[in-house]
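Chemist: First, the structure itself, so that you have it in front of you.
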Amino acid sequence: MGLWHPSREGEVRNNALTLLSYIISCDIGTTIRSGGSAEHGGYANPYTVLTETLRYKNREGDFDDGFYGYFACLGMYANIMHSFGADKYYELLYTYKDNPEYVTKRSGDSKNIYKRADFAYRCSLVYGMNFIKYFNTFYCANIPEDYFTEEQLSFMKALPNYEPVSNFYAGTIDGVKTAGDYEVAYGNDFVLDLLGKIISSLDSEEGKGF
């Protein structure tokens, strides 16, 4: 399968695959939204996981400084799964079979920054968006531009930045379904708070980013 985590290995990778199963085979995201539970199930709900991720915005530090625990790392993957779907994520994993290394290790790179850069470039190739900002802004990946070749960097900079978005009521975003839509019981009055319940990585303290 290859070293597809930006830095760490092990249990987080295994449970990312479990999360893919939740999304493909079970409607765990809706179960969580309805008050149910499942192991790691909160990350199968697109609104829940992005809400957590937004708390990390512009944090100072490094991905490996001990702040990002097991579930935070899982959330990093989950946002991508919810934005583009499970099948597309499998496509990302298969790239390691065709090309196990796009970015090479440098001397003195004790934190294996090259793995983070490689993963960002790999995501950009598969999803057609620039992932450097996402990983640096929310997960302190600290990926410098000089880790990429001139051609790689030019390719990434020509792409739009990956900016995840989620709506509490919707299990489908831009045609990608990873959970069921919110259900309202027949005959019950219900007020939709569309502005308050739509979140994105472009949001700021001053207001919504869309």
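A note on labels: chains of the structure tokens are A, B, ... as shown, every chain counts residues from 1, and ligands are counted from 1 in their shown order.
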Which residues, written as a ChimeraX atom specification, have at least one atom at most 12 Å from A:Thr149, with only C-alpha atoms counted and residues fewer than 2 positions away on the same chain left out?
Modeler: /A:102-104,117-118,121,144-147,151-156
Chemist: Based on the backbone DSSP call, show me all residues of chain A assigned strand (DSSP E), as a ChimeraX atom specification.
Modeler: /A:165-167,172-173,176-177,198-200
Chemist: Expressed in Å to a single decimal, how great is the separation between atom CA of A:Gly75 and atom CA of A:Val49?
Modeler: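 A separation of 5.8 Å between them.
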Chemist: Can you tell me how far atom CA of A:Phe138 sits from atom CA of A:Lys57, in Å to one decimal?
Modeler: 4.7 Å
Chemist: Using only C-alpha atoms for the distances, tell me which of A:Ser200, A:Asn79, A:Asn15, A:Ser107 is nearest to A:Asn167.
Modeler: A:Ser200
Chemist: Calculated over only C-alpha atoms, which of the candidates A:Tyr162, A:Tyr77, A:Tyr114, A:Tyr68 has the smallest distance to A:Tyr89?
Modeler: A:Tyr77
Chemist: Compile the contact shell of A:Phe84 as a list in words: residues with an atom at most 12 Å away, counting only C-alpha atoms, same-chain residues fewer than 6 positions apart removed.
Modeler: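 Counting only the stated atoms, we get Leu20, Ile23, Pro46, Tyr77, Ala78, Tyr90, Glu91, Leu92, Cys123, Val126, Tyr127, Gly128, Met129, Tyr162, Glu163, Pro164, Val165, Thr172, Ile173, Asp174, Gly175, Val176, Lys177 and Thr178 of chain A.
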